[in-house]
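Engineer: Before I ask anything, let me first share the structure, which is written out below as structure tokens.
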Amino acid sequence: MTSSCTLCGATPVVGHHLTGRPSPNAAYLDPDLVTDICQRCHDREHVILRQLDVEWPQASDATPYLAHRLVRVAVFARRCSDQERPFVVDGRSALGLHRLLLEACEALATSAIGSVR
Amino acid sequence: MTSDGYQVVNVRGFPGLGHYTRPTVPAAYAPRLGDQVDLVIVAAAEAGQTTACFGLGAFYEIAGPSVVCAGIVVPDDLGHDELGAIGAWAKAHPLDGLKGSVRWSVLTLSDFYDPRSGPFVRRAYSGAGWCIGADLGRVFGLAAEHVGARNRANADSFEVWLPGWGKQHARGRWKRVSPNRPSMRMSSRRVGWHISFGPCANGAGKYVKGSLWRGAFLDVLTVAYALDADRGATLPEHYASLGVAATDIPLTVPVDGHGAAQMAAAVDAVHRFMLAVYGSAPS
């Protein structure tokens, strides 16, 4: 666990899974993509995600919740920017982000090929 | 200490040695801006009316500097053309939000203050976030369904019933519609307003740490006065003295797209002001 909350700098106590789960008891969509935040920030982030209607994915598609996962990461990146905090992920989470971005690139390439055909 | 070495002690009101109670220890942590999702609200009367009636309002739901969602509040009986004009303005002026471009929602006064699930109750009562505004007494006074003067020891304060929160009974008294939704109480301070939720009977309503939840209302006029001690200053003058770009809160607005733009600028100004104060506050 990192030494400070990604959003406020307090002592972190929980790992916030940036992309969440598809349903309450399901496995995490990106189990490696975690950032350490304090309990107060964690509670508030989930209130914000509920308000933005991205707490849970809407429906499955060909790419497993890819748009939903990217939006969740984008929302968190914007939160870091608004809080004037660096968007920091540790090595394992960076690997998770790497996988997610590659998956998005692959989906984009596939859709581009499909549209050309 | 007297000249002959005695200590003079004022025992007026001394409760006796058996009634000593330890002073209350202040809480180790006080809620701060951005701890929860908070609400920023502004309102203005309708322009061209002889008596002040609600014209337009605007609100932000914020998490510190982030705007989670935003909306324009319109009167319940707004005509189709005016509603269309405000809807067109909202469509043409999206907001840069957390999820990208966010459209201003257009809510009626009753929807905004809906006692079950409106944005106001969700953030200021159930959610226990800050409710921030400029001249909050005017904001709630314009929106209220009924404002009554309180009496006896509370003679200088008002009881405010928001739309849908109370109803008039046969002998003229206003009472709660739901036992869990109290009236609001307002009293003027030297500058700004003191606003709180009233009590609910028989243990109903919201409790926080064993005490009735009175709300967390913050009038930026009071905050500004606390910081610059300029009692007679208008809000733009307070802004100038605190180094924030000045935007006035209009008292009256036309109920159309132009008025909506004015209210949007006003709610943004209040948000920016709170961020400036929060940024200058010691952590």
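How things are named: the first chain in the structure tokens is A, the next is B, and so on; residues count from 1 in each chain; ligands count from 1 in the order shown.
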Any idea what's packed within 10 Å of Ala10 (chain A), counting only C-alpha atoms, ignoring anything in its chain fewer than 3 positions away? Could you give it as a list in words?

Structural biologist: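 Contacts, in chain order: Ser3, Ser4, Cys5, Thr6, Leu7, Val13, Ile37, Cys38, Gln39, Arg40 and Cys41 of chain A.
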
Engineer: Any chance you could tabulate, as JSON lines, the residues of chain A at most 6 Å from chain B with each one's nearest atom pair and distance in Å to one decimal, using only C-alpha atoms, in chain and rising number order?

Structural biologist:
{"residue": "A:Arg44", "atom": "CA", "partner": "B:Gln36", "partner_atom": "CA", "distance": 5.5}
{"residue": "A:Val75", "atom": "CA", "partner": "B:Leu98", "partner_atom": "CA", "distance": 5.4}
{"residue": "A:Asp82", "atom": "CA", "partner": "B:Pro65", "partner_atom": "CA", "distance": 5.6}

Engineer: So that I can see what lies close to region 264-275 of chain B, please list as number ranges by chain the residues with an atom at most 10 Å from it, counting only C-alpha atoms and leaving out residues fewer than 5 positions away in the same chain.

Structural biologist: B: 33-34, 39-44, 57-62, 64-67, 70-72, 90, 93, 104, 132-134, 218-221, 223-224, 235-236, 238-239, 242-250, 258-259, 280-281

Engineer: I'd like the neighbourhood of Cys53 (chain B) as a list in words, where a residue qualifies if any of its atoms comes within 12 Å (using only C-alpha atoms), though same-chain residues fewer than 4 positions away should be ignored.

Structural biologist: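 Listed by chain and then number, they are Ala43, Ala44, Ala45, Glu46, Ala47, Gly48, Gln49, Gly57, Val74, Pro75, Asp76, Asp77, Arg138, Val139, Phe140, Gly141, Leu142, Ala143, Ala144, Glu145, Leu251, Thr252, Val253, Pro254 and Val255 of chain B.
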
Engineer: Give me every alpha helix (DSSP H) residue in region 73-116 of chain B, going by DSSP on the backbone, as a PyMOL selection string.

Structural biologist: chain B and resi 80-92+109-112

Engineer: Emit the selected residues as a PDB file, in the first residue's frame, including C-alpha atoms.

Structural biologist:
ATOM      1  CA  HIS B  80     -44.015  25.878 -22.608  1.00  0.00           C
ATOM      2  CA  ASP B  81     -42.129  28.572 -24.561  1.00  0.00           C
ATOM      3  CA  GLU B  82     -39.999  29.688 -21.606  1.00  0.00           C
ATOM      4  CA  LEU B  83     -39.231  26.081 -20.727  1.00  0.00           C
ATOM      5  CA  GLY B  84     -38.207  25.453 -24.312  1.00  0.00           C
ATOM      6  CA  ALA B  85     -35.910  28.505 -24.294  1.00  0.00           C
ATOM      7  CA  ILE B  86     -34.214  27.376 -21.084  1.00  0.00           C
ATOM      8  CA  GLY B  87     -33.944  23.798 -22.400  1.00  0.00           C
ATOM      9  CA  ALA B  88     -32.317  25.119 -25.585  1.00  0.00           C
ATOM     10  CA  TRP B  89     -29.853  27.148 -23.530  1.00  0.00           C
ATOM     11  CA  ALA B  90     -29.033  24.064 -21.414  1.00  0.00           C
ATOM     12  CA  LYS B  91     -28.445  22.016 -24.564  1.00  0.00           C
ATOM     13  CA  ALA B  92     -26.219  24.668 -26.124  1.00  0.00           C
ATOM     14  CA  LEU B 109     -38.907  23.806  -8.059  1.00  0.00           C
ATOM     15  CA  SER B 110     -40.994  20.907  -6.705  1.00  0.00           C
ATOM     16  CA  ASP B 111     -38.643  18.340  -8.236  1.00  0.00           C
ATOM     17  CA  PHE B 112     -35.565  20.040  -6.833  1.00  0.00           C
TER      18      PHE B 112
END
